[in-house]
Amino acid sequence: MISRSLRKLSALGGVLLTGGCALHVHHESSPPPDYVYTPPVEADPAFEYVAPGPVTVSEVLDTTRYHDLVRITFESSGRNGHPQNLVSGLYFRSRKPGPKKLVIVLPVWGASNYPPGKISRGYAKRSRGEAHVIWLSGETPVFPWDELSSTESEAEFIARARDSAERFRSAVVDVRRLIDWAETRPEIDSSRIGVVGFSMSALVTATLLGNESRINAGVIMMGSAEYANVFATCAKRAAEVREHVFREYGWTPEQYRSFFADLFAPAEPVRFAGRYDPREILMIDTRFDDCMPRRSRQALYEATGHPERITLVYRHRTAFYSLTPLGVNFSRRKIYRFLDDVL
């Protein structure tokens, strides 16, 4: 006889499987009749940059059936918070001859390696050598919530928040500079470059796509526009920061929202409406997201011209079950097929 606890576990698995497979709403890309796509010829001044210095490529660290794994490293364009201010990534470099498409997978900075690692390894394997993949490292958070929620003065909080905005800006610019490098590589077909971002890196991806025309496919999973609303409503660690600022410095919710609206105004995707090609974007969000507000997710959908959109029936963190066997790898399969089709 199956124990009660095992029956409960089986039931939970069934719910997750059902959620991953069927409990979602899928909208095909359908730009409004008045939507006009204007490629971003120039980036916003906040995201301009000089060409990167030397990119170091390591010796082969490991191999798979179709790829050599090497590490690439270069100096960040700004203060990215990482050791020695470097950008690094694991490069799944195809051994097949001829230029191949490139997929750049952004980290969930300072959080789980599971989503980017799963997509990086999985898509490299799926491609059978017909794609290169670069999985960028992200051990240091863009937003160090614990530090922000334990500041000892208002001035320290403002300084740390501004430093976080600089880390965000650097992340956007460093991907642009990585594309510069990719254009010099004979093994890479720089006319077929994709970028995948999750949660915080989905915000970076949204800003990046509005400022970089050389990206031909973008996946925005669990992101949004209207970044000030995210800081003003996101739960858990972000909420601890808000409560700390309200309690210790006497800020009002409106003052807090206004501060972040000004701080992240240069990165706001709504500013770049019309500079997104909806045919080249896959947006995955979730109906019960407790971090990215519904209004802000809809604002991103409108700004990007109604791209293909999949809305899951999850909360923010549990949405990542859809990348796992518990969610029958639903989002993984959608991302892979999108990259195959668009690139």
# chains A, B, ... in the order shown; residues from 1 in each chain; ligands from 1
>>> residues_around(residues="segment 218-222 of chain A", least_positions_apart="4", cutoff="10 Å", atoms="only C-alpha atoms", output="VMD selection string")
chain A and resid 103 to 105 193 to 206 208 to 209 276 to 286 289 291 to 292 297 300 308 to 312 315 to 317 319 to 320 331 335 338 to 339 342
>>> residues_around(residues="Phe168 of chain A", least_positions_apart="2", cutoff="10 Å", atoms="only C-alpha atoms", output="list in words")
Gly78, Arg79, Asn80, Pro141, Val142, Phe143, Arg162, Asp163, Ser164, Ala165, Glu166, Ser170, Ala171, Val172, Val173, Asp174, Met200, Ser201, Leu203, Val204, Thr207, Phe264 and Ala267 of chain A
>>> atom_distance(atom1="atom CA of Arg271 of chain A", atom2="atom CA of Pro45 of chain A")
12.9 Å
>>> closest_residue(among="A:Ser296, A:Arg176, A:Pro307, A:Trp251", to="Ala43 of chain A", atoms="only C-alpha atoms")
A:Arg176
>>> atom_distance(atom1="atom CA of Arg247 of chain A", atom2="atom CA of Thr233 of chain A")
16.3 Å
>>> closest_atom_pairs(of="segment 116-233 of chain A", to="segment 55-72 of chain A", cutoff="10 Å", atoms="only C-alpha atoms", output="Markdown table")
| residue | atom | partner | partner_atom | distance |
| --- | --- | --- | --- | --- |
| A:Arg121 | CA | A:Thr64 | CA | 9.9 |
| A:Ala124 | CA | A:His67 | CA | 7.8 |
| A:Lys125 | CA | A:Tyr66 | CA | 7.7 |
| A:Ser127 | CA | A:Tyr66 | CA | 8.8 |
| A:Arg128 | CA | A:Tyr66 | CA | 6.0 |
| A:Gly129 | CA | A:Tyr66 | CA | 4.9 |
| A:Glu130 | CA | A:Tyr66 | CA | 8.8 |
| A:Ala131 | CA | A:His67 | CA | 9.3 |
| A:His132 | CA | A:His67 | CA | 8.1 |
| A:Val133 | CA | A:His67 | CA | 9.5 |
| A:Ile134 | CA | A:Ile72 | CA | 8.8 |
| A:Trp135 | CA | A:Arg71 | CA | 9.6 |
| A:Leu136 | CA | A:Ile72 | CA | 9.1 |
| A:Leu178 | CA | A:Val55 | CA | 8.8 |
| A:Trp181 | CA | A:Val55 | CA | 7.6 |
>>> residues_around(residues="Arg295 of chain A", least_positions_apart="2", cutoff="9 Å", atoms="only C-alpha atoms", output="MDAnalysis selection string")
chainID A and resid 224:226 229 292:293 297:300
>>> closest_residue(among="A:Pro253, A:Gly122, A:Gly274, A:Pro266", to="Tyr336 of chain A", atoms="only C-alpha atoms")
A:Gly122
>>> select_by_dssp(residues="segment 54-144 of chain A", states="strand (DSSP E or B)", output="count of residues only")
34
>>> closest_residue(among="A:Lys118, A:Glu154, A:Ser191, A:Lys101", to="Pro325 of chain A", atoms="only C-alpha atoms")
A:Lys118
>>> closest_residue(among="A:Arg126, A:Pro52, A:Phe260, A:Val245", to="Ala155 of chain A", atoms="only C-alpha atoms")
A:Val245
>>> atom_distance(atom1="atom CA of Asn216 of chain A", atom2="atom CA of Arg95 of chain A")
22.9 Å
>>> closest_residue(among="A:His82, A:Arg237, A:Lys100, A:Arg275", to="Asn211 of chain A", atoms="only C-alpha atoms")
A:Arg275
>>> select_by_dssp(residues="segment 103-265 of chain A", states="helix (DSSP H, G or I)", output="ChimeraX atom specification")
/A:114-127,145-148,154-183,200-209,227-233,237-249,253-263,265
